[in-house]
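Novice: Dropping in entry_2.cif, which is mmCIF, C-alpha atoms and all ligand atoms:
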data_coords
#
loop_
_atom_site.label_atom_id
_atom_site.label_comp_id
_atom_site.auth_asym_id
_atom_site.auth_seq_id
_atom_site.Cartn_x
_atom_site.Cartn_y
_atom_site.Cartn_z
CA MET Z 118 75.88 -52.89 -124.07
CA ASN Z 119 75.67 -49.13 -124.54
CA VAL Z 120 78.78 -48.06 -122.61
CA ASP Z 121 79.53 -45.27 -125.05
CA ARG Z 122 76.07 -43.75 -124.58
CA ARG Z 123 75.56 -40.92 -122.13
CA ALA Z 124 72.33 -39.61 -120.63
CA ILE Z 125 71.89 -36.36 -118.76
CA ILE Z 126 68.96 -36.32 -116.37
CA ILE Z 127 67.55 -33.06 -115.04
CA GLY Z 128 65.86 -33.55 -111.67
CA GLY Z 129 66.97 -35.96 -108.97
CA SER Z 130 63.63 -36.92 -107.43
CA LEU Z 131 61.76 -40.17 -108.17
CA SER Z 132 61.47 -39.87 -111.99
CA GLY Z 133 65.11 -38.86 -112.32
CA LEU Z 134 66.24 -41.74 -110.13
CA PHE Z 135 63.99 -44.36 -111.78
CA THR Z 136 65.31 -43.29 -115.17
CA GLY Z 137 68.87 -43.13 -113.88
CA VAL Z 138 68.98 -46.60 -112.35
CA LEU Z 139 67.23 -48.21 -115.33
CA LEU Z 140 69.41 -46.58 -117.99
CA ARG Z 141 72.46 -47.68 -116.00
CA SER Z 142 71.03 -51.22 -116.00
CA ILE Z 143 71.26 -51.27 -119.83
CA GLY Z 144 74.81 -49.96 -119.79
CA TRP Z 145 74.35 -46.23 -120.33
CA GLN Z 146 76.51 -43.71 -118.50
CA VAL Z 147 74.15 -41.52 -116.55
CA ASP Z 148 74.53 -38.25 -114.66
CA ILE Z 149 71.69 -36.73 -112.64
CA TYR Z 150 71.57 -32.97 -112.04
CA GLU Z 151 69.36 -31.80 -109.17
CA ARG Z 152 68.83 -28.12 -108.41
CA SER Z 153 68.47 -28.58 -104.65
CA PRO Z 154 71.79 -28.42 -102.79
CA HIS Z 155 70.31 -30.55 -99.99
CA THR Z 156 69.25 -34.17 -99.72
CA LEU Z 157 65.59 -34.28 -100.76
CA SER Z 158 63.11 -35.29 -98.12
CA SER Z 159 59.40 -36.00 -98.14
CA ARG Z 160 56.95 -33.13 -98.03
CA GLY Z 161 54.02 -35.45 -97.75
CA GLY Z 162 54.43 -39.04 -97.03
CA GLY Z 163 52.14 -41.63 -98.50
CA VAL Z 164 52.39 -43.42 -101.82
CA VAL Z 165 50.31 -46.42 -102.94
CA LEU Z 166 52.80 -49.05 -104.08
CA GLN Z 167 51.97 -50.07 -107.65
CA PRO Z 168 53.37 -52.95 -109.75
CA ASP Z 169 55.46 -50.65 -112.00
CA VAL Z 170 57.47 -49.46 -109.01
CA VAL Z 171 58.17 -53.04 -107.88
CA GLU Z 172 59.12 -53.96 -111.47
CA ALA Z 173 61.52 -51.01 -111.75
CA PHE Z 174 63.18 -52.01 -108.47
CA ALA Z 175 63.48 -55.63 -109.64
CA ILE Z 176 65.02 -54.68 -113.01
CA ALA Z 177 67.49 -52.32 -111.34
CA GLY Z 178 68.49 -55.01 -108.83
CA ILE Z 179 67.13 -53.15 -105.80
CA SER Z 180 65.52 -55.25 -103.09
CA TYR Z 181 61.76 -55.07 -103.42
CA GLN Z 182 60.88 -57.01 -100.29
CA ASN Z 183 59.41 -54.99 -97.41
CA LEU Z 184 58.66 -51.88 -99.42
CA GLY Z 185 55.58 -50.95 -97.43
CA VAL Z 186 52.69 -51.72 -95.11
CA ASP Z 187 49.93 -54.08 -96.25
CA ALA Z 188 46.31 -53.02 -95.95
CA LYS Z 189 43.86 -55.91 -96.15
CA GLU Z 190 40.61 -54.06 -96.70
CA ARG Z 191 38.87 -50.75 -97.28
CA TYR Z 192 36.60 -49.19 -94.71
CA TYR Z 193 33.99 -46.64 -95.79
CA LEU Z 194 32.89 -44.80 -92.66
CA GLN Z 195 29.29 -43.59 -92.55
CA ARG Z 196 27.81 -40.53 -90.85
CA ASP Z 197 25.66 -42.76 -88.59
CA GLY Z 198 28.77 -44.51 -87.23
CA SER Z 199 28.37 -47.69 -89.29
CA ILE Z 200 31.14 -49.03 -91.52
CA GLN Z 201 31.02 -50.62 -94.97
CA ALA Z 202 33.98 -52.96 -95.41
CA MET Z 203 35.39 -54.13 -98.73
CA PRO Z 204 38.24 -56.66 -98.99
CA MET Z 205 41.13 -55.16 -101.00
CA ARG Z 206 44.82 -55.84 -100.49
CA GLN Z 207 47.17 -52.95 -101.18
CA THR Z 208 50.68 -52.05 -100.11
CA LEU Z 209 51.23 -48.53 -98.89
CA THR Z 210 54.63 -46.98 -98.76
CA SER Z 211 56.29 -43.61 -98.29
CA TRP Z 212 57.98 -41.22 -100.67
CA ASN Z 213 61.03 -41.26 -98.38
CA LEU Z 214 61.40 -45.04 -98.47
CA LEU Z 215 61.26 -45.12 -102.29
CA TYR Z 216 63.56 -42.11 -102.70
CA ASN Z 217 66.16 -43.40 -100.22
CA SER Z 218 66.15 -46.91 -101.76
CA LEU Z 219 66.73 -45.52 -105.26
CA ARG Z 220 69.25 -42.93 -104.08
CA ARG Z 221 71.35 -45.55 -102.26
CA HIS Z 222 71.49 -47.51 -105.52
CA PHE Z 223 72.67 -44.58 -107.66
CA PRO Z 224 76.37 -43.67 -107.42
CA ASP Z 225 77.11 -40.44 -105.53
CA GLU Z 226 79.75 -39.35 -108.03
CA HIS Z 227 77.09 -39.19 -110.77
CA TYR Z 228 74.41 -37.43 -108.68
CA HIS Z 229 75.14 -33.72 -108.81
CA GLN Z 230 73.37 -31.45 -106.33
CA GLY Z 231 72.98 -27.68 -106.49
CA LYS Z 232 72.79 -27.85 -110.32
CA ARG Z 233 69.90 -25.81 -111.70
CA LEU Z 234 69.28 -26.17 -115.42
CA THR Z 235 68.71 -22.84 -117.15
CA ASN Z 236 69.02 -23.67 -120.85
CA LEU Z 237 69.42 -26.41 -123.47
CA GLN Z 238 71.05 -26.78 -126.88
CA GLN Z 239 70.74 -29.57 -129.45
CA HIS Z 240 73.59 -29.79 -131.95
CA ASP Z 241 75.56 -32.31 -134.05
CA GLY Z 242 73.81 -35.40 -132.74
CA GLN Z 243 74.18 -34.35 -129.11
CA VAL Z 244 72.40 -32.31 -126.49
CA THR Z 245 73.92 -29.88 -123.99
CA ALA Z 246 72.50 -28.76 -120.65
CA ILE Z 247 73.51 -25.36 -119.34
CA PHE Z 248 73.38 -24.73 -115.60
CA ALA Z 249 72.94 -21.59 -113.49
CA ASP Z 250 76.52 -21.86 -112.21
CA GLY Z 251 77.81 -21.55 -115.78
CA THR Z 252 78.83 -25.21 -116.19
CA GLN Z 253 77.57 -27.48 -119.00
CA ALA Z 254 77.04 -31.19 -119.61
CA THR Z 255 76.72 -32.90 -123.00
CA GLY Z 256 75.20 -36.28 -123.85
CA ASP Z 257 73.30 -38.37 -126.42
CA LEU Z 258 70.03 -37.95 -124.53
CA LEU Z 259 68.62 -35.44 -122.06
CA VAL Z 260 65.74 -36.46 -119.81
CA GLY Z 261 63.57 -33.73 -118.29
CA ALA Z 262 62.60 -35.25 -114.93
CA ASP Z 263 62.25 -31.85 -113.32
CA GLY Z 264 58.68 -32.08 -112.09
CA LEU Z 265 55.62 -29.87 -112.23
CA SER Z 266 57.50 -26.58 -112.78
CA SER Z 267 59.88 -28.24 -115.27
CA THR Z 268 62.42 -25.87 -116.83
CA VAL Z 269 62.86 -28.33 -119.71
CA ARG Z 270 59.12 -28.14 -120.46
CA GLN Z 271 59.09 -24.36 -120.10
CA ILE Z 272 61.83 -24.11 -122.72
CA LEU Z 273 60.25 -26.59 -125.16
CA LEU Z 274 56.52 -26.06 -124.52
CA PRO Z 275 56.30 -22.59 -122.97
CA THR Z 276 52.50 -22.42 -123.00
CA TYR Z 277 51.96 -25.66 -121.06
CA ASP Z 278 51.69 -25.03 -117.31
CA PRO Z 279 49.85 -26.89 -114.54
CA MET Z 280 46.24 -25.71 -114.04
CA TYR Z 281 44.44 -25.60 -110.70
CA ALA Z 282 41.79 -28.34 -110.61
CA GLY Z 283 39.36 -26.55 -108.26
CA TYR Z 284 40.33 -28.14 -104.94
CA VAL Z 285 43.21 -28.66 -102.56
CA ALA Z 286 44.45 -31.55 -100.44
CA TYR Z 287 45.04 -30.93 -96.76
CA ARG Z 288 47.47 -33.57 -95.58
CA GLY Z 289 49.07 -34.80 -92.43
CA LEU Z 290 51.02 -37.53 -90.67
CA VAL Z 291 50.53 -38.91 -87.17
CA ASP Z 292 52.98 -41.24 -85.42
CA GLU Z 293 51.29 -44.54 -84.61
CA ARG Z 294 51.80 -44.06 -80.88
CA GLU Z 295 50.20 -40.62 -80.89
CA LEU Z 296 46.70 -41.78 -81.83
CA ASP Z 297 44.24 -43.07 -79.23
CA PRO Z 298 43.92 -46.90 -79.30
CA GLU Z 299 40.24 -46.92 -80.35
CA THR Z 300 40.83 -44.76 -83.43
CA ALA Z 301 44.10 -46.56 -84.21
CA ALA Z 302 42.23 -49.90 -84.24
CA ILE Z 303 39.95 -48.61 -87.01
CA MET Z 304 42.75 -47.06 -89.05
CA THR Z 305 45.45 -49.74 -88.78
CA GLU Z 306 46.17 -51.98 -91.80
CA ARG Z 307 43.25 -50.46 -93.68
CA PHE Z 308 42.54 -47.91 -96.35
CA VAL Z 309 39.82 -45.83 -94.65
CA PHE Z 310 37.53 -43.35 -96.40
CA TYR Z 311 34.81 -40.93 -95.45
CA GLN Z 312 32.89 -39.45 -98.37
CA PHE Z 313 30.40 -36.62 -98.00
CA ARG Z 314 28.98 -33.74 -99.99
CA ASN Z 315 31.66 -32.26 -102.31
CA SER Z 316 34.55 -33.72 -100.35
CA HIS Z 317 36.28 -36.85 -99.14
CA ILE Z 318 39.05 -37.82 -96.76
CA LEU Z 319 41.16 -40.97 -96.65
CA GLN Z 320 43.96 -42.46 -94.59
CA TYR Z 321 46.39 -45.36 -94.63
CA VAL Z 322 49.40 -46.46 -92.59
CA ILE Z 323 52.85 -45.90 -94.10
CA PRO Z 324 56.42 -46.68 -93.00
CA GLY Z 325 57.80 -44.59 -90.14
CA LYS Z 326 60.31 -41.79 -90.14
CA ASN Z 327 63.32 -44.08 -90.53
CA GLU Z 328 61.58 -46.35 -93.04
CA SER Z 329 60.48 -48.59 -90.14
CA LEU Z 330 57.71 -51.11 -90.86
CA VAL Z 331 57.53 -52.17 -87.21
CA LEU Z 332 54.11 -51.89 -85.56
CA GLY Z 333 54.11 -48.82 -83.33
CA GLU Z 334 56.87 -47.06 -85.30
CA ARG Z 335 54.88 -46.29 -88.44
CA ARG Z 336 52.67 -43.34 -89.32
CA PHE Z 337 49.05 -42.65 -90.20
CA ASN Z 338 48.90 -40.67 -93.44
CA TRP Z 339 45.72 -38.71 -94.26
CA VAL Z 340 44.57 -36.65 -97.25
CA TRP Z 341 41.46 -34.45 -97.23
CA TYR Z 342 40.14 -32.88 -100.45
CA VAL Z 343 38.34 -29.53 -100.09
CA ASN Z 344 37.02 -27.26 -102.88
CA TYR Z 345 38.16 -23.63 -103.06
CA ASP Z 346 37.52 -21.02 -105.70
CA GLU Z 347 40.67 -20.15 -107.64
CA THR Z 348 40.24 -16.36 -107.50
CA THR Z 349 38.43 -15.60 -104.28
CA GLU Z 350 39.73 -18.34 -101.94
CA LEU Z 351 42.88 -20.11 -103.17
CA PRO Z 352 45.30 -17.17 -102.76
CA ARG Z 353 44.59 -17.11 -99.01
CA ILE Z 354 44.97 -20.89 -98.69
CA LEU Z 355 48.39 -20.70 -100.38
CA THR Z 356 49.69 -17.86 -98.23
CA ASP Z 357 52.05 -19.19 -95.56
CA LYS Z 358 52.42 -18.10 -91.94
CA ASN Z 359 55.02 -15.49 -92.94
CA GLY Z 360 52.56 -13.91 -95.39
CA LYS Z 361 54.39 -15.31 -98.42
CA GLN Z 362 52.15 -16.36 -101.31
CA ARG Z 363 53.27 -19.78 -102.62
CA ASN Z 364 52.57 -21.30 -106.03
CA TYR Z 365 51.19 -24.74 -105.33
CA SER Z 366 51.69 -25.87 -101.72
CA ILE Z 367 52.42 -24.93 -98.12
CA PRO Z 368 54.86 -27.37 -96.47
CA PRO Z 369 54.49 -28.85 -92.95
CA GLY Z 370 54.95 -26.23 -90.25
CA MET Z 371 54.27 -23.31 -92.59
CA MET Z 372 50.45 -23.11 -92.72
CA ALA Z 373 49.10 -19.73 -91.58
CA ASN Z 374 47.78 -20.00 -87.99
CA ASP Z 375 44.27 -18.74 -88.81
CA LEU Z 376 43.95 -21.12 -91.77
CA GLU Z 377 45.14 -24.07 -89.71
CA ARG Z 378 42.63 -23.20 -87.00
CA GLU Z 379 39.84 -22.90 -89.57
CA MET Z 380 40.74 -26.25 -91.09
CA ARG Z 381 40.75 -27.92 -87.66
CA ASP Z 382 37.38 -26.32 -86.73
CA TYR Z 383 35.90 -27.34 -90.08
CA ALA Z 384 37.10 -30.91 -89.50
CA GLN Z 385 35.29 -31.03 -86.15
CA LYS Z 386 32.14 -29.81 -87.87
CA VAL Z 387 31.93 -32.00 -90.96
CA LEU Z 388 34.01 -35.16 -90.43
CA VAL Z 389 33.16 -38.35 -88.57
CA GLU Z 390 34.80 -38.97 -85.20
CA PRO Z 391 37.79 -41.16 -86.22
CA PHE Z 392 38.91 -38.56 -88.76
CA GLN Z 393 38.25 -35.70 -86.32
CA LYS Z 394 40.60 -37.42 -83.88
CA LEU Z 395 43.21 -38.10 -86.56
CA ILE Z 396 43.33 -34.44 -87.56
CA ALA Z 397 43.34 -33.29 -83.94
CA ALA Z 398 46.41 -35.51 -83.36
CA THR Z 399 48.29 -34.05 -86.35
CA GLU Z 400 51.07 -31.68 -85.35
CA GLU Z 401 51.92 -30.04 -88.65
CA PRO Z 402 49.21 -30.32 -91.32
CA PHE Z 403 50.05 -28.97 -94.74
CA VAL Z 404 48.24 -28.24 -97.97
CA GLN Z 405 48.78 -28.63 -101.70
CA ALA Z 406 46.71 -27.48 -104.67
CA ILE Z 407 45.48 -30.27 -106.95
CA LEU Z 408 46.74 -29.66 -110.46
CA ASP Z 409 46.14 -30.84 -114.01
CA LEU Z 410 48.87 -31.01 -116.61
CA GLY Z 411 49.17 -32.83 -119.91
CA VAL Z 412 51.51 -32.22 -122.84
CA PRO Z 413 51.08 -32.93 -126.58
CA ASN Z 414 54.68 -34.17 -127.01
CA MET Z 415 57.15 -35.90 -124.75
CA VAL Z 416 60.05 -36.10 -127.22
CA PHE Z 417 61.93 -33.24 -128.88
CA LYS Z 418 64.72 -34.87 -130.93
CA ARG Z 419 67.15 -36.00 -128.18
CA ILE Z 420 65.14 -34.69 -125.26
CA ALA Z 421 62.45 -36.64 -123.42
CA LEU Z 422 60.05 -35.43 -120.72
CA VAL Z 423 59.15 -37.93 -117.97
CA GLY Z 424 57.11 -38.01 -114.76
CA ASP Z 425 55.35 -34.89 -113.51
CA ALA Z 426 57.22 -32.72 -116.03
CA ALA Z 427 54.92 -34.21 -118.71
CA PHE Z 428 51.69 -35.33 -117.03
CA ILE Z 429 50.26 -34.72 -113.58
CA PRO Z 430 47.44 -37.19 -112.96
CA ARG Z 431 45.22 -36.31 -110.01
CA PRO Z 432 46.11 -38.15 -106.80
CA HIS Z 433 42.91 -40.28 -106.93
CA THR Z 434 44.65 -42.40 -109.58
CA ALA Z 435 47.51 -43.09 -107.14
CA ALA Z 436 49.61 -43.12 -110.30
CA SER Z 437 52.13 -40.27 -110.20
CA VAL Z 438 54.95 -42.39 -108.85
CA SER Z 439 54.03 -45.51 -110.84
CA LYS Z 440 53.87 -43.45 -114.04
CA ALA Z 441 57.37 -42.17 -113.30
CA ALA Z 442 58.48 -45.81 -112.98
CA ALA Z 443 56.58 -46.86 -116.13
CA ASN Z 444 58.13 -44.04 -118.20
CA ALA Z 445 61.59 -45.17 -117.09
CA ILE Z 446 61.02 -48.90 -117.66
CA ALA Z 447 59.73 -48.25 -121.19
CA LEU Z 448 62.61 -45.88 -121.96
CA ALA Z 449 65.21 -48.46 -120.98
CA ASP Z 450 63.32 -51.18 -122.92
CA THR Z 451 63.30 -49.02 -126.03
CA LEU Z 452 66.90 -47.89 -125.82
CA VAL Z 453 68.42 -51.26 -125.01
CA ASP Z 454 68.22 -52.43 -128.63
CA CYS Z 455 68.39 -49.14 -130.45
CA ASP Z 456 72.02 -49.50 -131.68
CA HIS Z 457 72.79 -45.96 -132.71
CA ASN Z 458 69.36 -44.68 -133.58
CA VAL Z 459 68.33 -42.91 -130.40
CA LEU Z 460 65.96 -40.54 -132.24
CA ASP Z 461 63.82 -43.33 -133.72
CA ALA Z 462 63.80 -45.17 -130.40
CA LEU Z 463 62.54 -42.09 -128.59
CA LYS Z 464 59.74 -41.59 -131.12
CA THR Z 465 58.58 -45.18 -130.53
CA TRP Z 466 58.74 -44.65 -126.75
CA GLU Z 467 56.72 -41.43 -126.99
CA LEU Z 468 53.65 -43.04 -128.59
CA ASP Z 469 52.92 -45.38 -125.68
CA GLN Z 470 53.92 -42.93 -122.97
CA LEU Z 471 51.67 -40.19 -124.36
CA ALA Z 472 48.79 -42.67 -124.38
CA LEU Z 473 49.53 -43.67 -120.78
CA GLY Z 474 49.76 -40.04 -119.65
CA MET Z 475 46.51 -39.07 -121.40
CA HIS Z 476 44.69 -42.09 -119.98
CA LEU Z 477 45.73 -41.34 -116.39
CA TRP Z 478 45.08 -37.64 -116.80
CA LYS Z 479 41.52 -38.26 -118.01
CA ARG Z 480 40.83 -40.96 -115.44
CA GLY Z 481 42.05 -38.68 -112.63
CA ARG Z 482 39.79 -35.87 -113.79
CA ASP Z 483 36.79 -38.20 -113.94
CA LEU Z 484 37.46 -39.57 -110.45
CA GLY Z 485 38.04 -36.08 -109.05
CA GLU Z 486 34.88 -34.69 -110.56
CA THR Z 487 32.78 -37.56 -109.27
CA SER Z 488 33.97 -37.09 -105.71
CA GLN Z 489 34.43 -33.30 -105.51
CA PHE Z 490 31.42 -32.27 -107.67
CA ILE Z 491 30.97 -28.51 -107.84
CA TYR Z 492 34.21 -27.03 -109.08
CA GLY Z 493 35.26 -29.90 -111.26
CA LYS Z 494 31.93 -29.96 -113.09
CA LYS Z 495 31.88 -26.23 -113.53
CA ARG Z 496 35.40 -26.16 -114.84
CA TRP Z 497 35.24 -29.03 -117.29
CA LYS Z 498 31.66 -28.83 -118.55
CA GLU Z 499 31.83 -25.12 -119.39
C1 LIG R 1 61.26 -33.28 -102.10
C2 LIG R 1 60.01 -33.92 -102.66
C3 LIG R 1 59.15 -34.63 -101.79
C4 LIG R 1 57.99 -35.24 -102.29
N1 LIG R 1 57.19 -35.93 -101.41
C5 LIG R 1 56.10 -36.57 -101.90
C6 LIG R 1 55.28 -37.37 -101.03
O1 LIG R 1 55.56 -37.49 -99.84
N2 LIG R 1 54.18 -38.00 -101.54
C7 LIG R 1 53.87 -37.89 -102.88
O2 LIG R 1 52.90 -38.50 -103.33
N3 LIG R 1 54.64 -37.16 -103.72
C8 LIG R 1 55.73 -36.49 -103.26
N4 LIG R 1 56.49 -35.73 -104.13
C9 LIG R 1 56.07 -35.64 -105.54
C10 LIG R 1 56.41 -36.90 -106.32
O3 LIG R 1 57.80 -37.14 -106.27
C11 LIG R 1 55.94 -36.73 -107.74
O4 LIG R 1 54.58 -36.42 -107.77
C12 LIG R 1 56.11 -37.99 -108.60
O5 LIG R 1 56.81 -38.98 -107.97
C13 LIG R 1 56.84 -37.68 -109.90
O6 LIG R 1 58.14 -37.27 -109.56
P1 LIG R 1 59.03 -36.41 -110.49
O7 LIG R 1 60.43 -36.86 -110.20
O8 LIG R 1 58.54 -36.42 -111.88
O9 LIG R 1 58.82 -34.91 -109.99
P2 LIG R 1 59.27 -34.25 -108.62
O10 LIG R 1 59.21 -35.21 -107.52
O11 LIG R 1 58.53 -32.98 -108.50
O12 LIG R 1 60.83 -33.92 -108.85
C14 LIG R 1 61.33 -32.95 -109.74
C15 LIG R 1 62.77 -32.67 -109.32
O13 LIG R 1 63.37 -31.81 -110.29
C16 LIG R 1 64.13 -30.82 -109.62
N5 LIG R 1 64.22 -29.66 -110.52
C17 LIG R 1 63.21 -28.81 -110.89
N6 LIG R 1 63.67 -27.88 -111.74
C18 LIG R 1 65.00 -28.14 -111.92
C19 LIG R 1 66.00 -27.52 -112.69
N7 LIG R 1 65.76 -26.42 -113.43
N8 LIG R 1 67.26 -28.03 -112.65
C20 LIG R 1 67.54 -29.14 -111.90
N9 LIG R 1 66.60 -29.78 -111.14
C21 LIG R 1 65.35 -29.28 -111.15
C22 LIG R 1 63.31 -30.54 -108.35
O14 LIG R 1 64.10 -29.94 -107.35
C23 LIG R 1 62.85 -31.94 -107.97
O15 LIG R 1 63.75 -32.62 -107.14
C24 LIG R 1 57.66 -35.12 -103.66
C25 LIG R 1 58.53 -34.42 -104.52
C26 LIG R 1 59.69 -33.83 -104.04
C27 LIG R 1 60.62 -33.10 -104.99
#
Kindly transcribe the structure held in the file into structure tokens.
Ligand SMILES: Cc1cc2nc3c(=O)[nH]c(=O)nc-3n(C[C@H](O)[C@H](O)[C@H](O)COP(=O)(O)OP(=O)(O)OC[C@H]3O[C@@H](n4cnc5c(N)ncnc54)[C@H](O)[C@@H]3O)c2cc1C

Specialist:
Amino acid sequence: MNVDRRAIIIGGSLSGLFTGVLLRSIGWQVDIYERSPHTLSSRGGGVVLQPDVVEAFAIAGISYQNLGVDAKERYYLQRDGSIQAMPMRQTLTSWNLLYNSLRRHFPDEHYHQGKRLTNLQQHDGQVTAIFADGTQATGDLLVGADGLSSTVRQILLPTYDPMYAGYVAYRGLVDERELDPETAAIMTERFVFYQFRNSHILQYVIPGKNESLVLGERRFNWVWYVNYDETTELPRILTDKNGKQRNYSIPPGMMANDLEREMRDYAQKVLVEPFQKLIAATEEPFVQAILDLGVPNMVFKRIALVGDAAFIPRPHTAASVSKAAANAIALADTLVDCDHNVLDALKTWELDQLALGMHLWKRGRDLGETSQFIYGKKRWKE
């Protein structure tokens, strides 16, 4: 066991928690430092449950039964009202359910909220994190699990920032009971798509507000990809109802009224009826820019980048959360037998994780460009 080994994790969302629970499972002492002073809660909803997430739960000793809602098939809706069905079993879950399950498994006394990392130092075989409140923490390993705007990445790779991919995702959630029975019958227990020129929309059912999997208490989760020009259109899309320009997303309840109206009108014009009804039933739609990010290195002596801090695959891969789990599983696997050579172990870990990140990044771009056409092609073929 590695009881004398200490890891400091920056970021207490999914990557931070996956890494935290798995390093604890191999005997490391782990402290997580999260900048938010509040309990984190979902800004979106749906996550496709992938095998890496189930594996991480199993290794950490967290129950992995009943993690989501099973869909038995895909429906591709057609403009003429017909439906192409394709059998495909998938389990769909929610960010909240995964976060709460991991958080309940990680000890409160080692999960520090309101701790914003501002700087790092590597020295004498150790690494020190420096926080905005003037406190410090020192360990054998520091994991940057601080997401798309990662401070750890900004310090170590200052020129690597997320890039706008040419389109946004409008998103929304509808309580099962709020949708008319005819539309609900099409959407329930299925992954449903409608693809049309330069755009596509999809939906699936996810656990309800209180993680409920009970029929009638769950939620429909939809995502609609729409192209916008980065210079002439995106700034308006990312301006909230108080006139504040946001970097990457507008949370539920904060979309500007005129934009929300436009989006709803556009939905009535271009979507097929079941999706028109789904959007009409959505109380607080929200929007996020689709981003690309990939880094050339994930290890810097005793510092490792994981999750969205290193690679942001496009959502079509459904891999952001599973990659976070895969990074953490591999890290624990590598460190379990490393005796005292953490540096060599991290180098070994980096090779595979870079390859995984690159693969998902490229695959996501290919999928996005095939379905969204104009902007993707322009951007990447230039
Ligand atoms: C509150 C929240 C809700 C989300 N909801 C969804 C969802 O519903 N569906 C979905 O698909 N994805 C959601 N995501 C994104 C999803 O978690 C990621 O895409 C993916 O799981 C990889 O997670 P991550 O932990 O690498 O990054 P993130 O989830 O982005 O987490 C990064 C964490 O680091 C913290 N942090 C950043 N900078 C610092 C710093 N300097 N010091 C300390 N802490 C710092 C952030 O506050 C954040 O909690 C959500 C993320 C968050 C933070």

Novice: Out of Z:Ser439, Z:Gln385, Z:Gln393, Z:Ser218, which residue has the shortest atom-to-atom distance to ligand LIG 1 (chain R) when counting only C-alpha atoms and all ligand atoms?

Specialist: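 For ligand LIG 1 (chain R), the nearest of the given residues is Z:Ser439.
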
Novice: Between Z:Asp409, Z:Asp241, Z:Glu390, Z:Glu350, which residue has the minimum interatomic distance to ligand LIG 1 (chain R), considering only C-alpha atoms and all ligand atoms?

Specialist: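 For ligand LIG 1 (chain R), the nearest of the candidates is Z:Asp409.
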
Novice: When you count all atoms listed in the file, which of these residues is closest to ligand LIG 1 (chain R): Z:Leu452, Z:Leu319, Z:Ala124, Z:Val260?

Specialist: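 So, comparing all the options, the nearest one is Z:Val260.
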
Novice: Would you mind listing the residues within 6 Å of ligand LIG 1 (chain R), counting only C-alpha atoms and all ligand atoms, as a compact mmCIF listing (two decimals) with C-alpha atoms, in the coordinates of the input?

Specialist:
# COMPACT_ATOMS: atom_id res chain seq x y z
CA ILE Z 127 67.55 -33.06 -115.04
CA GLY Z 128 65.86 -33.55 -111.67
CA GLY Z 129 66.97 -35.96 -108.97
CA SER Z 130 63.63 -36.92 -107.43
CA LEU Z 131 61.76 -40.17 -108.17
CA SER Z 132 61.47 -39.87 -111.99
CA GLY Z 133 65.11 -38.86 -112.32
CA TYR Z 150 71.57 -32.97 -112.04
CA GLU Z 151 69.36 -31.80 -109.17
CA ARG Z 152 68.83 -28.12 -108.41
CA SER Z 153 68.47 -28.58 -104.65
CA LEU Z 157 65.59 -34.28 -100.76
CA SER Z 158 63.11 -35.29 -98.12
CA SER Z 159 59.40 -36.00 -98.14
CA ARG Z 160 56.95 -33.13 -98.03
CA GLY Z 161 54.02 -35.45 -97.75
CA GLY Z 162 54.43 -39.04 -97.03
CA GLY Z 163 52.14 -41.63 -98.50
CA VAL Z 164 52.39 -43.42 -101.82
CA TRP Z 212 57.98 -41.22 -100.67
CA LYS Z 232 72.79 -27.85 -110.32
CA ARG Z 233 69.90 -25.81 -111.70
CA LEU Z 234 69.28 -26.17 -115.42
CA THR Z 235 68.71 -22.84 -117.15
CA ALA Z 262 62.60 -35.25 -114.93
CA ASP Z 263 62.25 -31.85 -113.32
CA GLY Z 264 58.68 -32.08 -112.09
CA LEU Z 265 55.62 -29.87 -112.23
CA SER Z 267 59.88 -28.24 -115.27
CA THR Z 268 62.42 -25.87 -116.83
CA GLY Z 424 57.11 -38.01 -114.76
CA ASP Z 425 55.35 -34.89 -113.51
CA ALA Z 426 57.22 -32.72 -116.03
CA SER Z 437 52.13 -40.27 -110.20
CA VAL Z 438 54.95 -42.39 -108.85
CA ALA Z 441 57.37 -42.17 -113.30

Novice: Between CA of Asp148 in chain Z and CA of Ala447 in chain Z, what is the distance, to one decimal in Å?

Specialist: 19.0 Å

Novice: Determine, counting only C-alpha atoms, which protein, DNA and RNA residues have an atom within 7 Å of an atom of range 184-186 of chain Z; residues of the same chain fewer than 2 positions away are not included. Present the result as a ChimeraX atom specification.

Specialist: /Z:181-182,188,208-210,322-324,330

Novice: How would you write as a list of chain:residue names the residues that get within 12 Å of (50.0, -41.8, -78.6) in the file's frame, counting only C-alpha atoms?

Specialist: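 Every polymer residue passing the test: Z:Val291, Z:Asp292, Z:Glu293, Z:Arg294, Z:Glu295, Z:Leu296, Z:Asp297, Z:Pro298, Z:Glu299, Z:Thr300, Z:Ala301, Z:Gly333, Z:Glu334, Z:Arg335, Z:Arg336, Z:Phe337, Z:Lys394, Z:Leu395, Z:Ala398, Z:Thr399.
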
Novice: Rank Z:Leu468, Z:Met372, Z:Ala445, Z:Val343 by their smallest atom-to-atom distance to Glu400 in chain Z, using all atoms listed in the file, and report the top residue only.

Specialist: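 That would be Z:Met372, the residue with the smallest distance to Glu400 in chain Z.
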
Novice: Using all atoms listed in the file for the distances, tell me which of Z:Met415, Z:Tyr192, Z:Gly283, Z:Leu388 is nearest to Gly261 in chain Z.

Specialist: Z:Met415

Novice: What is the distance, in Å and to one decimal place, between CA of Lys361 in chain Z and CA of Gln271 in chain Z?

Specialist: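 Distance reported for this atom pair: 24.0 Å.
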
Novice: Could you work out how far CA of Arg482 in chain Z lies from CA of Leu422 in chain Z, giving the answer in Å with one decimal?

Specialist: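 Separation of CA of Leu422 in chain Z and CA of Arg482 in chain Z: 21.4 Å.
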